[in-house]
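Since the structure comes first, as structure tokens, the remarks are kept for the end.
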Amino acid sequence: MSLSIQEAKDLINNLKEKEIALGRAPETWYTYENHVYGAANVAKTIASKIKGMNANEIYICALLHDISRTEEDREQHFHGILG
Ligand SMILES: [Fe+2]
């Protein structure tokens, strides 16, 4: 994977800035962050116990699985696939 954990976090921060610029209440952003960081931590924990899996890559994939979720609301596609 050519994307670092910091680059993945930067993408989430960019999405946060975009969403707030488009009118999302900043105090609601924690729900998104809690979800994606929680999913990433669970995925990394599971991956670390499975032989042959790269826990950091799995962490990044889980961290970004909702990156298109806000678009899904407008386009009616499954966010896991888009992400
Ligand atoms: Fe999700």
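Identifiers in this document derive from the order of the structure tokens: chains are assigned A, B, ..., residues are numbered from 1 separately in each chain, and ligands are numbered from 1 in order of occurrence.
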
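Omitting region 32-36 of chain A and its sequence neighbours fewer than 5 positions away, and counting only C-alpha atoms, the residues within 7 Å are Ala62, Leu63 and Asp66 of chain A.
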
Could you pull out all residues of region 32-70 of chain A with a DSSP call of helix (DSSP H, G or I) and give them as a list in words?
Tyr32, Glu33, Asn34, His35, Val36, Tyr37, Gly38, Ala39, Ala40, Asn41, Val42, Ala43, Lys44, Thr45, Ile46, Ala47, Ser48, Ala55, Asn56, Glu57, Ile58, Tyr59, Ile60, Cys61, Ala62, Leu63, Arg69 and Thr70 of chain A

Restricting the output to C-alpha atoms, write the selected residues as a PDB file, in the first residue's frame.
ATOM      1  CA  TYR A  32     -17.835  10.257  12.085  1.00  0.00           C
ATOM      2  CA  GLU A  33     -14.401  10.177  13.715  1.00  0.00           C
ATOM      3  CA  ASN A  34     -15.533   7.866  16.525  1.00  0.00           C
ATOM      4  CA  HIS A  35     -16.962   5.463  13.961  1.00  0.00           C
ATOM      5  CA  VAL A  36     -14.020   5.311  11.533  1.00  0.00           C
ATOM      6  CA  TYR A  37     -11.273   5.326  14.181  1.00  0.00           C
ATOM      7  CA  GLY A  38     -13.175   2.716  16.181  1.00  0.00           C
ATOM      8  CA  ALA A  39     -13.601   0.525  13.093  1.00  0.00           C
ATOM      9  CA  ALA A  40      -9.919   0.960  12.242  1.00  0.00           C
ATOM     10  CA  ASN A  41      -8.786  -0.054  15.723  1.00  0.00           C
ATOM     11  CA  VAL A  42     -11.023  -3.134  15.745  1.00  0.00           C
ATOM     12  CA  ALA A  43      -9.884  -4.122  12.245  1.00  0.00           C
ATOM     13  CA  LYS A  44      -6.221  -3.678  13.185  1.00  0.00           C
ATOM     14  CA  THR A  45      -6.660  -5.785  16.317  1.00  0.00           C
ATOM     15  CA  ILE A  46      -8.296  -8.577  14.331  1.00  0.00           C
ATOM     16  CA  ALA A  47      -5.733  -8.367  11.522  1.00  0.00           C
ATOM     17  CA  SER A  48      -2.855  -8.550  13.985  1.00  0.00           C
ATOM     18  CA  ALA A  55      -2.371  -4.843  10.374  1.00  0.00           C
ATOM     19  CA  ASN A  56      -1.329  -1.335   9.320  1.00  0.00           C
ATOM     20  CA  GLU A  57      -2.802  -1.763   5.833  1.00  0.00           C
ATOM     21  CA  ILE A  58      -6.027  -3.089   7.327  1.00  0.00           C
ATOM     22  CA  TYR A  59      -6.077  -0.125   9.731  1.00  0.00           C
ATOM     23  CA  ILE A  60      -5.818   2.307   6.805  1.00  0.00           C
ATOM     24  CA  CYS A  61      -8.522   0.504   4.804  1.00  0.00           C
ATOM     25  CA  ALA A  62     -10.912   0.539   7.757  1.00  0.00           C
ATOM     26  CA  LEU A  63     -10.070   4.150   8.534  1.00  0.00           C
ATOM     27  CA  ARG A  69     -20.251   8.077   2.992  1.00  0.00           C
ATOM     28  CA  THR A  70     -21.314  11.685   2.740  1.00  0.00           C
TER      29      THR A  70
END

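Taking only C-alpha atoms into account, Leu64 (chain A) lies nearest to A:Ile12 out of the set A:Ile12, A:Lys51, A:Glu17, A:Thr31.
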